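Undergrad: File name model.txt; file contents compact mmCIF, C-alpha atoms and all ligand atoms; full text below.
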```txt
# COMPACT_ATOMS: atom_id res chain seq x y z
CA MET M 1 -3.72 -9.70 21.46
CA ILE M 2 -3.62 -12.57 18.99
CA ASN M 3 -1.59 -15.75 19.22
CA LEU M 4 0.50 -15.39 16.07
CA LYS M 5 1.34 -19.10 15.90
CA ASN M 6 -2.36 -19.90 15.42
CA ILE M 7 -2.67 -17.84 12.25
CA VAL M 8 0.66 -18.44 10.52
CA ARG M 9 0.89 -21.31 8.02
CA ASN M 10 2.64 -24.23 9.72
CA ASN M 11 5.44 -24.57 7.20
CA ILE M 12 6.25 -20.85 7.48
CA TRP M 13 6.24 -20.92 11.28
CA ASN M 14 8.89 -23.67 11.18
CA LEU M 15 10.96 -22.06 8.43
CA LYS M 16 14.34 -20.39 9.01
CA ALA M 17 15.16 -17.20 7.11
CA TYR M 18 17.64 -17.72 4.26
CA SER M 19 21.04 -16.57 5.35
CA SER M 20 24.03 -16.00 3.07
CA ALA M 21 27.69 -16.32 4.11
CA ARG M 22 27.83 -12.54 4.16
CA ASP M 23 24.87 -12.36 6.56
CA GLU M 24 26.62 -14.76 8.90
CA PHE M 25 29.95 -12.91 8.73
CA LYS M 26 29.35 -9.80 10.81
CA GLY M 27 32.73 -7.97 10.49
CA THR M 28 34.40 -6.19 7.59
CA ALA M 29 36.48 -8.08 5.04
CA ASP M 30 38.85 -7.35 2.16
CA VAL M 31 38.14 -10.39 0.06
CA PHE M 32 34.67 -11.51 -0.99
CA LEU M 33 34.73 -14.86 -2.75
CA ASP M 34 31.51 -16.24 -1.31
CA ALA M 35 28.69 -15.35 -3.69
CA ASN M 36 29.94 -16.19 -7.19
CA GLU M 37 29.79 -12.53 -8.18
CA ASN M 38 31.90 -11.04 -10.94
CA PRO M 39 34.81 -9.26 -9.17
CA PHE M 40 34.87 -6.37 -11.71
CA GLY M 41 32.59 -3.36 -12.08
CA THR M 42 30.41 -1.13 -9.90
CA LEU M 43 27.11 -3.01 -9.62
CA ASN M 44 28.84 -6.40 -9.48
CA ARG M 45 27.95 -7.11 -5.84
CA TYR M 46 24.59 -8.29 -4.51
CA PRO M 47 22.58 -5.63 -2.67
CA ASP M 48 22.28 -5.52 1.11
CA PRO M 49 19.51 -8.10 1.74
CA GLN M 50 18.52 -6.34 4.99
CA GLN M 51 18.47 -2.80 3.47
CA LYS M 52 20.09 -1.57 6.68
CA ALA M 53 20.76 2.03 5.56
CA ILE M 54 17.11 2.52 4.54
CA LYS M 55 15.80 0.98 7.75
CA ASP M 56 18.07 3.18 9.90
CA LYS M 57 16.65 6.27 8.20
CA LEU M 58 13.02 5.11 8.36
CA SER M 59 13.44 4.11 11.98
CA ALA M 60 14.34 7.71 12.86
CA ILE M 61 11.67 9.30 10.65
CA LYS M 62 8.79 7.00 11.65
CA ASN M 63 9.84 6.48 15.26
CA VAL M 64 9.91 2.66 15.14
CA GLU M 65 12.63 0.06 15.72
CA THR M 66 14.58 -1.16 12.68
CA ASN M 67 13.34 -4.70 13.42
CA GLN M 68 9.76 -3.43 12.98
CA ILE M 69 10.41 -2.58 9.32
CA PHE M 70 10.23 -4.73 6.17
CA VAL M 71 11.31 -3.22 2.86
CA GLY M 72 9.69 -4.79 -0.20
CA ASN M 73 9.62 -4.63 -3.97
CA GLY M 74 6.73 -2.16 -3.92
CA SER M 75 3.89 -2.47 -1.41
CA ASP M 76 2.47 -5.00 -3.86
CA GLU M 77 5.15 -7.36 -2.45
CA VAL M 78 4.06 -6.51 1.11
CA ILE M 79 0.53 -7.57 0.11
CA ASP M 80 1.54 -10.71 -1.77
CA LEU M 81 3.91 -12.03 0.91
CA ALA M 82 1.13 -11.67 3.50
CA PHE M 83 -0.84 -14.31 1.58
CA ARG M 84 2.16 -16.65 1.63
CA ILE M 85 2.69 -16.15 5.37
CA PHE M 86 -0.86 -16.41 6.65
CA CYS M 87 -3.13 -18.10 4.09
CA GLU M 88 -3.32 -21.80 3.26
CA PRO M 89 -4.13 -22.02 -0.49
CA GLY M 90 -7.55 -23.50 -1.21
CA LYS M 91 -8.56 -23.25 2.46
CA ASP M 92 -8.23 -19.80 4.00
CA LYS M 93 -10.00 -16.55 3.12
CA VAL M 94 -9.31 -12.82 3.24
CA LEU M 95 -11.73 -9.90 3.47
CA THR M 96 -11.75 -6.51 1.74
CA PHE M 97 -14.11 -3.54 1.65
CA SER M 98 -15.30 -2.73 -1.84
CA PRO M 99 -14.71 -0.70 -3.86
CA THR M 100 -11.01 -0.81 -3.13
CA TYR M 101 -7.53 -1.35 -4.55
CA GLY M 102 -7.53 -4.20 -7.08
CA MET M 103 -4.31 -5.89 -6.04
CA TYR M 104 -5.83 -7.63 -2.99
CA ASP M 105 -8.12 -9.48 -5.38
CA VAL M 106 -5.31 -10.21 -7.87
CA SER M 107 -3.00 -11.54 -5.14
CA ALA M 108 -5.83 -13.62 -3.64
CA ASN M 109 -6.48 -15.22 -7.03
CA ILE M 110 -2.80 -15.94 -7.66
CA ASN M 111 -2.53 -17.56 -4.23
CA ASN M 112 -5.82 -19.50 -4.60
CA ILE M 113 -7.43 -17.72 -1.66
CA GLU M 114 -11.11 -16.81 -1.51
CA LEU M 115 -11.76 -13.08 -1.15
CA ILE M 116 -14.86 -11.84 0.68
CA LYS M 117 -16.04 -8.37 -0.35
CA GLN M 118 -17.96 -6.20 2.11
CA PRO M 119 -19.49 -3.11 0.51
CA LEU M 120 -18.57 0.25 2.04
CA ILE M 121 -21.65 2.28 3.01
CA ASN M 122 -22.64 5.88 3.83
CA ASP M 123 -19.99 7.77 1.89
CA PHE M 124 -17.72 4.74 1.73
CA GLN M 125 -17.31 3.77 5.38
CA ILE M 126 -17.11 0.30 6.96
CA ASN M 127 -20.37 -1.34 8.04
CA LEU M 128 -19.35 -2.88 11.38
CA ASN M 129 -22.71 -4.67 11.86
CA GLN M 130 -22.35 -6.49 8.59
CA LEU M 131 -18.70 -7.26 9.32
CA GLN M 132 -19.30 -8.64 12.83
CA PRO M 133 -19.91 -12.35 11.96
CA TYR M 134 -16.71 -12.52 9.91
CA LEU M 135 -14.57 -11.33 12.82
CA ASP M 136 -15.04 -14.74 14.48
CA PHE M 137 -14.47 -16.86 11.36
CA GLU M 138 -11.29 -18.89 11.88
CA ASP M 139 -10.59 -19.27 8.17
CA VAL M 140 -10.59 -15.48 7.55
CA LYS M 141 -6.90 -14.74 8.07
CA ILE M 142 -6.46 -11.19 6.79
CA ILE M 143 -8.64 -8.09 6.59
CA PHE M 144 -7.32 -5.47 4.15
CA ILE M 145 -8.21 -1.86 4.96
CA CYS M 146 -7.13 0.80 2.50
CA SER M 147 -7.09 4.28 4.07
CA PRO M 148 -7.19 6.69 2.33
CA ASN M 149 -9.09 4.28 0.12
CA ASN M 150 -8.46 3.83 -3.58
CA PRO M 151 -10.61 4.66 -5.63
CA THR M 152 -12.99 6.48 -3.24
CA ALA M 153 -10.23 8.84 -1.94
CA ASN M 154 -11.61 9.11 1.62
CA ASN M 155 -10.10 8.08 4.96
CA LEU M 156 -11.84 5.26 6.78
CA ASN M 157 -12.95 6.02 10.33
CA PRO M 158 -9.97 5.30 12.66
CA ASP M 159 -12.34 4.18 15.45
CA ASP M 160 -13.68 1.46 13.14
CA LEU M 161 -10.11 0.37 12.40
CA LYS M 162 -9.37 0.14 16.12
CA TYR M 163 -12.57 -1.84 16.69
CA ILE M 164 -11.52 -4.35 14.03
CA LEU M 165 -7.96 -4.59 15.40
CA GLU M 166 -9.36 -5.29 18.87
CA ASN M 167 -12.04 -7.77 17.84
CA PHE M 168 -10.53 -9.75 14.97
CA ASN M 169 -8.29 -12.74 15.67
CA GLY M 170 -6.44 -12.44 12.39
CA ILE M 171 -4.14 -9.95 10.68
CA VAL M 172 -5.27 -6.43 9.77
CA ILE M 173 -3.31 -4.80 6.95
CA VAL M 174 -3.84 -1.05 6.85
CA ASP M 175 -2.74 0.07 3.39
CA GLU M 176 -1.55 3.67 3.73
CA ALA M 177 -0.24 4.18 0.20
CA TYR M 178 -1.80 7.69 0.18
CA ILE M 179 -1.29 8.64 3.84
CA ASP M 180 1.11 11.52 3.09
CA PHE M 181 -1.73 13.40 1.35
CA SER M 182 -4.14 12.75 4.20
CA SER M 183 -5.30 14.96 7.05
CA GLN M 184 -5.34 11.88 9.26
CA ALA M 185 -2.46 10.37 11.25
CA SER M 186 -0.79 7.12 10.26
CA PHE M 187 -1.57 3.92 12.17
CA ILE M 188 2.16 3.20 12.53
CA LYS M 189 2.00 4.56 16.07
CA ASN M 190 -0.21 1.59 16.98
CA ILE M 191 2.13 -1.27 16.02
CA ASN M 192 3.28 -1.68 19.63
CA THR M 193 -0.34 -1.82 20.84
CA TYR M 194 -1.80 -4.30 18.33
CA ASN M 195 0.23 -7.39 17.48
CA ASN M 196 -2.10 -8.17 14.55
CA LEU M 197 -1.47 -4.85 12.76
CA ILE M 198 0.59 -4.41 9.60
CA VAL M 199 0.83 -0.88 8.18
CA SER M 200 1.83 -0.74 4.54
CA GLN M 201 3.32 2.38 2.96
CA THR M 202 5.05 3.09 -0.33
CA PHE M 203 7.63 5.30 -2.04
CA SER M 204 5.43 5.28 -5.17
CA LYS M 205 3.05 8.17 -4.37
CA ALA M 206 4.03 11.20 -2.25
CA TRP M 207 7.69 10.17 -2.41
CA GLY M 208 7.63 10.26 -6.19
CA LEU M 209 9.42 6.97 -6.84
CA ALA M 210 6.83 4.72 -8.52
CA GLY M 211 9.47 3.67 -11.05
CA VAL M 212 11.73 2.44 -8.29
CA ARG M 213 9.35 -0.14 -6.75
CA VAL M 214 9.91 0.13 -3.02
CA GLY M 215 7.20 -0.37 -0.39
CA VAL M 216 7.45 -0.79 3.36
CA ALA M 217 5.62 -2.78 6.03
CA TYR M 218 5.64 -1.66 9.67
CA ALA M 219 4.59 -4.23 12.28
CA SER M 220 5.66 -6.04 15.45
CA GLU M 221 9.12 -7.61 15.37
CA ALA M 222 7.45 -11.06 15.32
CA ILE M 223 5.53 -10.28 12.11
CA ILE M 224 8.57 -8.67 10.46
CA ASN M 225 10.54 -11.85 11.25
CA LEU M 226 7.93 -13.80 9.29
CA TYR M 227 8.34 -11.43 6.33
CA ASN M 228 12.11 -11.96 6.48
CA ARG M 229 11.56 -15.73 6.31
CA VAL M 230 9.53 -15.64 3.09
CA LYS M 231 11.06 -12.75 1.14
CA PRO M 232 13.42 -13.43 -1.75
CA PRO M 233 16.89 -12.69 -0.26
CA TYR M 234 17.79 -9.83 -2.62
CA ASN M 235 14.31 -8.38 -3.17
CA VAL M 236 15.42 -4.72 -3.44
CA SER M 237 18.18 -3.91 -5.93
CA THR M 238 21.20 -1.71 -5.17
CA LEU M 239 19.98 1.00 -7.57
CA ASN M 240 16.53 0.99 -5.95
CA GLN M 241 18.01 1.21 -2.47
CA GLU M 242 20.19 4.14 -3.57
CA ALA M 243 17.23 5.98 -5.09
CA VAL M 244 15.23 5.59 -1.87
CA LEU M 245 18.15 6.69 0.32
CA ASN M 246 18.64 9.70 -1.86
CA ARG M 247 15.00 10.68 -1.33
CA LEU M 248 15.20 9.98 2.41
CA ASN M 249 18.09 12.46 2.52
CA ASN M 250 15.98 15.06 0.73
CA LEU M 251 12.86 15.36 2.85
CA GLU M 252 12.36 19.05 1.93
CA LEU M 253 11.87 18.08 -1.71
CA VAL M 254 9.26 15.49 -0.75
CA LYS M 255 7.43 17.96 1.45
CA ALA M 256 7.46 20.69 -1.21
CA ASN M 257 6.10 18.19 -3.71
CA ILE M 258 3.25 17.17 -1.43
CA ASP M 259 2.37 20.84 -0.77
CA THR M 260 2.24 21.53 -4.52
CA ILE M 261 0.05 18.50 -5.18
CA LEU M 262 -2.37 19.49 -2.38
CA LEU M 263 -2.59 23.03 -3.77
CA GLU M 264 -3.21 21.69 -7.28
CA ARG M 265 -5.84 19.32 -5.86
CA THR M 266 -7.81 22.30 -4.51
CA LYS M 267 -7.50 24.18 -7.81
CA LEU M 268 -8.53 21.11 -9.82
CA LYS M 269 -11.57 20.60 -7.60
CA GLU M 270 -12.63 24.22 -8.10
CA ALA M 271 -12.23 24.00 -11.87
CA LEU M 272 -14.11 20.69 -12.09
CA ASN M 273 -16.93 22.06 -9.95
CA LYS M 274 -17.62 24.71 -12.59
CA LEU M 275 -18.20 22.10 -15.32
CA SER M 276 -21.80 21.08 -15.97
CA ILE M 277 -20.91 17.45 -16.78
CA VAL M 278 -19.49 17.02 -13.26
CA LYS M 279 -22.30 15.87 -10.97
CA LYS M 280 -20.32 15.23 -7.81
CA ILE M 281 -16.78 15.37 -6.50
CA TYR M 282 -16.23 13.02 -3.59
CA PRO M 283 -14.19 14.31 -0.63
CA THR M 284 -10.53 13.44 -1.03
CA ASP M 285 -7.63 12.76 1.31
CA ALA M 286 -5.44 11.39 -1.48
CA ASN M 287 -3.71 12.67 -4.64
CA PHE M 288 -6.71 11.87 -6.81
CA LEU M 289 -10.37 12.76 -7.17
CA LEU M 290 -13.32 10.46 -7.67
CA ILE M 291 -15.88 12.36 -9.70
CA GLU M 292 -19.35 11.46 -10.90
CA VAL M 293 -20.28 12.54 -14.41
CA ASP M 294 -23.35 12.11 -16.65
CA ASN M 295 -21.90 9.11 -18.40
CA ALA M 296 -18.51 7.76 -17.25
CA ASN M 297 -17.95 5.46 -20.25
CA LYS M 298 -18.58 8.29 -22.73
CA THR M 299 -16.50 10.87 -20.84
CA TYR M 300 -13.65 8.39 -20.43
CA GLN M 301 -13.70 7.52 -24.14
CA TYR M 302 -13.83 11.19 -25.14
CA LEU M 303 -10.76 11.92 -23.01
CA ILE M 304 -8.92 8.87 -24.40
CA ASP M 305 -9.61 10.06 -27.95
CA LYS M 306 -8.00 13.38 -26.98
CA LYS M 307 -5.05 11.48 -25.49
CA VAL M 308 -5.92 12.37 -21.91
CA ILE M 309 -5.88 9.22 -19.80
CA VAL M 310 -7.92 8.99 -16.60
CA ARG M 311 -9.30 5.88 -14.89
CA ASN M 312 -12.82 4.74 -15.64
CA ARG M 313 -14.25 3.42 -12.35
CA ASN M 314 -17.78 2.92 -13.68
CA THR M 315 -17.74 -0.77 -12.74
CA GLN M 316 -16.86 0.09 -9.14
CA VAL M 317 -18.89 3.28 -8.57
CA ASP M 318 -21.66 4.16 -11.04
CA ASN M 319 -20.65 6.82 -13.57
CA CYS M 320 -17.46 7.70 -11.77
CA ILE M 321 -14.00 8.38 -13.11
CA ARG M 322 -10.83 8.72 -11.07
CA ILE M 323 -8.48 11.56 -11.87
CA THR M 324 -4.93 11.82 -10.52
CA VAL M 325 -3.79 15.34 -9.61
CA GLY M 326 -1.11 16.18 -12.18
CA THR M 327 1.15 19.14 -12.92
CA PRO M 328 -0.58 22.53 -13.44
CA GLU M 329 -0.10 22.01 -17.20
CA GLU M 330 -1.63 18.51 -17.19
CA ASN M 331 -4.57 19.65 -15.08
CA LYS M 332 -5.23 22.56 -17.45
CA ILE M 333 -5.26 20.23 -20.47
CA LEU M 334 -7.72 17.97 -18.65
CA ILE M 335 -10.06 20.86 -17.81
CA ASP M 336 -9.84 22.38 -21.31
CA THR M 337 -10.61 18.98 -22.84
CA LEU M 338 -13.58 18.42 -20.55
CA LYS M 339 -14.84 21.93 -21.44
CA SER M 340 -14.77 20.99 -25.12
CA ILE M 341 -17.24 18.11 -24.68
N1 LIG M 401 -1.85 0.32 -2.32
C1 LIG M 401 -2.70 1.14 -2.93
C2 LIG M 401 -3.95 1.52 -2.23
C3 LIG M 401 -2.43 1.61 -4.22
O1 LIG M 401 -3.32 2.41 -4.83
C4 LIG M 401 -1.24 1.21 -4.86
C5 LIG M 401 -0.85 1.68 -6.25
N2 LIG M 401 -1.79 2.15 -7.07
C6 LIG M 401 -0.39 0.36 -4.19
C7 LIG M 401 -0.70 -0.06 -2.91
C8 LIG M 401 0.85 -0.17 -4.84
O2 LIG M 401 1.94 0.49 -4.45
P1 LIG M 401 3.41 0.05 -4.89
O3 LIG M 401 3.76 0.89 -6.05
O4 LIG M 401 4.21 0.35 -3.67
O5 LIG M 401 3.41 -1.42 -5.19
```
What is this structure when it is put down as structure tokens?

TA:
Amino acid sequence: MINLKNIVRNNIWNLKAYSSARDEFKGTADVFLDANENPFGTLNRYPDPQQKAIKDKLSAIKNVETNQIFVGNGSDEVIDLAFRIFCEPGKDKVLTFSPTYGMYDVSANINNIELIKQPLINDFQINLNQLQPYLDFEDVKIIFICSPNNPTANNLNPDDLKYILENFNGIVIVDEAYIDFSSQASFIKNINTYNNLIVSQTFSKAWGLAGVRVGVAYASEAIINLYNRVKPPYNVSTLNQEAVLNRLNNLELVKANIDTILLERTKLKEALNKLSIVKKIYPTDANFLLIEVDNANKTYQYLIDKKVIVRNRNTQVDNCIRITVGTPEENKILIDTLKSI
């Protein structure tokens, strides 16, 4: 167990969450003249700052309390606000395991926080021996763990995650953006066990709402209270909340979508395996494949010229490109184009 007060920035610890007149007034009313809104129209009112309807639904689906949920403007906001809550600019540090999702680095730079990169080893797993000294560093406030990891596509060993949660006196953010494609269980079930755990999920991947920008953090009530103190009051728009609610009321559609993507993933793997330019396909628990080719820069450029866009990850993993599983039609175009090289 960590003492949260010791790792939260002082000014945030002492801060009160912003509260509007409508937050303070708990009943129903006929006349709303408190927020300088335009009285006419359909989207004229501010959105619910607490996103209550979404949290009620997620609470039932994920088996957590509503006060253990933060809804953000994409999980990128979950990541960025963590820096504001826990890291003193110019002083504190965070740690990531490379190669991984680029936003931790971007957010660290924006917030003037040093980022320590520990290389993943042996098929992209955490090297606990190398990590050990950092677990005791007082100025390392957050460890980001992306599982399944982007761009390597694999799950990280859950025993390693537990070891870090038990032996690190700071916050551990487990980024589960791709968890719905994974064979492994979410870490959400552990938020009552570890008071330094934040699990981040998103509506952008399996839920099919990347255009909507809604991400979610699950953590202890104490951590969620900190998020509520630093978030912009109306961080999720009415239209975005409606789109998410709509999807939460249509779980069969989401499930069918995931099943299709997993089936297409298998077919895409088989087709890629038959191509001579493909040297290796890394195991995947996500909706994308990391593949090694003869020459990533050349393959990437060839595909671009044919208007097929994949991600060149050559700078992160030698001669690798990352391919998202698309529709059957998109996947066929990709394979046909690669065949024509
Ligand atoms: N985490 C990971 C690991 C991702 O790959 C991405 C998007 N590529 C995100 C978070 C961002 O998700 P969101 O759209 O919710 O901001």

Undergrad: Given only C-alpha atoms as the basis, pick out the residue of M:Arg311, M:Ala206, M:Leu290, M:Val212 nearest to Thr260 (chain M).

TA: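 Closest to Thr260 (chain M), using only C-alpha atoms: M:Ala206.
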
Undergrad: One number please: CA of Ile291 (chain M) to CA of Lys307 (chain M), in Å, one decimal.

TA: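 Atom-to-atom, CA of Ile291 (chain M) and CA of Lys307 (chain M) are spaced 19.2 Å apart.
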
Undergrad: Nearest to Arg22 (chain M) among M:Tyr134, M:Phe288, M:Pro148, M:Pro233, with distances taken over only C-alpha atoms: which residue is it?

TA: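 With only C-alpha atoms as the atom set, the closest residue is M:Pro233.
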
Undergrad: So, with all atoms listed in the file as the atoms that count, which of M:Thr152, M:Gln50, M:Asn250, M:Thr284 lies closest to ligand LIG 401 (chain M)?

TA: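 Ranked by minimum distance to ligand LIG 401 (chain M), first place goes to M:Thr152.
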
Undergrad: Could you tell me, counting all atoms listed in the file, which protein and nucleic acid residues lie no more than 8 Å from ligand LIG 401 (chain M), written as a list in words?

TA: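 Listed by chain and ascending number, the contacts are Asn73, Gly74, Ser75, Asp76, Glu77, Thr100, Tyr101, Met103, Cys146, Ser147, Pro148, Asn149, Asn150, Pro151, Asp175, Glu176, Ala177, Tyr178, Ser200, Gln201, Thr202, Phe203, Ser204, Lys205, Ala210, Arg213, Val214, Gly215 and Val216 of chain M.
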
Undergrad: Skip Thr266 (chain M) itself and residues of its chain fewer than 2 positions away, then list as a PDB file with C-alpha atoms, keeping the file's coordinate frame all residues within 12 Å of it, counting all atoms listed in the file.

TA:
```pdb
ATOM      1  CA  ASP M 259       2.370  20.840  -0.770  1.00  0.00           C
ATOM      2  CA  THR M 260       2.240  21.530  -4.520  1.00  0.00           C
ATOM      3  CA  ILE M 261       0.050  18.500  -5.180  1.00  0.00           C
ATOM      4  CA  LEU M 262      -2.370  19.490  -2.380  1.00  0.00           C
ATOM      5  CA  LEU M 263      -2.590  23.030  -3.770  1.00  0.00           C
ATOM      6  CA  GLU M 264      -3.210  21.690  -7.280  1.00  0.00           C
ATOM      7  CA  LEU M 268      -8.530  21.110  -9.820  1.00  0.00           C
ATOM      8  CA  LYS M 269     -11.570  20.600  -7.600  1.00  0.00           C
ATOM      9  CA  GLU M 270     -12.630  24.220  -8.100  1.00  0.00           C
ATOM     10  CA  ALA M 271     -12.230  24.000 -11.870  1.00  0.00           C
ATOM     11  CA  LEU M 272     -14.110  20.690 -12.090  1.00  0.00           C
ATOM     12  CA  ASN M 273     -16.930  22.060  -9.950  1.00  0.00           C
ATOM     13  CA  ILE M 281     -16.780  15.370  -6.500  1.00  0.00           C
ATOM     14  CA  PRO M 283     -14.190  14.310  -0.630  1.00  0.00           C
ATOM     15  CA  THR M 284     -10.530  13.440  -1.030  1.00  0.00           C
ATOM     16  CA  ASP M 285      -7.630  12.760   1.310  1.00  0.00           C
ATOM     17  CA  ALA M 286      -5.440  11.390  -1.480  1.00  0.00           C
ATOM     18  CA  ASN M 287      -3.710  12.670  -4.640  1.00  0.00           C
ATOM     19  CA  PHE M 288      -6.710  11.870  -6.810  1.00  0.00           C
ATOM     20  CA  LEU M 289     -10.370  12.760  -7.170  1.00  0.00           C
ATOM     21  CA  VAL M 325      -3.790  15.340  -9.610  1.00  0.00           C
ATOM     22  CA  GLY M 326      -1.110  16.180 -12.180  1.00  0.00           C
ATOM     23  CA  PRO M 328      -0.580  22.530 -13.440  1.00  0.00           C
ATOM     24  CA  ASN M 331      -4.570  19.650 -15.080  1.00  0.00           C
TER      25      ASN M 331
END
```

Undergrad: Let me make sure I understand: among M:Leu95, M:Leu156, M:Thr28, M:Ile121, which one has the smallest atom-to-atom distance to Phe137 (chain M) if we use all atoms listed in the file?

TA: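 So, comparing all the options, the nearest one is M:Leu95.
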
Undergrad: Excluding Ser19 (chain M) and residues on its chain fewer than 2 positions from it, collect all residues at most 12 Å away from it, counting all atoms listed in the file, and give them as a VMD selection string.

TA: chain M and resid 15 to 17 21 to 25 35 48 to 50 228 to 234

Undergrad: Considering only C-alpha atoms, return as a PDB file with C-alpha atoms, in the frame of the given file whatever protein or nucleic-acid residues lie within 10 Å of region 106-109 of chain M, sequence-local ones (same chain, fewer than 2 positions apart) excluded.

TA:
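File produced: out.pdb:
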```pdb
ATOM      1  CA  ASP M  76       2.470  -5.000  -3.860  1.00  0.00           C
ATOM      2  CA  GLU M  77       5.150  -7.360  -2.450  1.00  0.00           C
ATOM      3  CA  ILE M  79       0.530  -7.570   0.110  1.00  0.00           C
ATOM      4  CA  ASP M  80       1.540 -10.710  -1.770  1.00  0.00           C
ATOM      5  CA  LEU M  81       3.910 -12.030   0.910  1.00  0.00           C
ATOM      6  CA  ALA M  82       1.130 -11.670   3.500  1.00  0.00           C
ATOM      7  CA  PHE M  83      -0.840 -14.310   1.580  1.00  0.00           C
ATOM      8  CA  ARG M  84       2.160 -16.650   1.630  1.00  0.00           C
ATOM      9  CA  CYS M  87      -3.130 -18.100   4.090  1.00  0.00           C
ATOM     10  CA  PRO M  89      -4.130 -22.020  -0.490  1.00  0.00           C
ATOM     11  CA  LYS M  93     -10.000 -16.550   3.120  1.00  0.00           C
ATOM     12  CA  VAL M  94      -9.310 -12.820   3.240  1.00  0.00           C
ATOM     13  CA  LEU M  95     -11.730  -9.900   3.470  1.00  0.00           C
ATOM     14  CA  TYR M 101      -7.530  -1.350  -4.550  1.00  0.00           C
ATOM     15  CA  GLY M 102      -7.530  -4.200  -7.080  1.00  0.00           C
ATOM     16  CA  MET M 103      -4.310  -5.890  -6.040  1.00  0.00           C
ATOM     17  CA  TYR M 104      -5.830  -7.630  -2.990  1.00  0.00           C
ATOM     18  CA  ASN M 111      -2.530 -17.560  -4.230  1.00  0.00           C
ATOM     19  CA  ASN M 112      -5.820 -19.500  -4.600  1.00  0.00           C
ATOM     20  CA  ILE M 113      -7.430 -17.720  -1.660  1.00  0.00           C
ATOM     21  CA  GLU M 114     -11.110 -16.810  -1.510  1.00  0.00           C
ATOM     22  CA  LEU M 115     -11.760 -13.080  -1.150  1.00  0.00           C
TER      23      LEU M 115
END
```
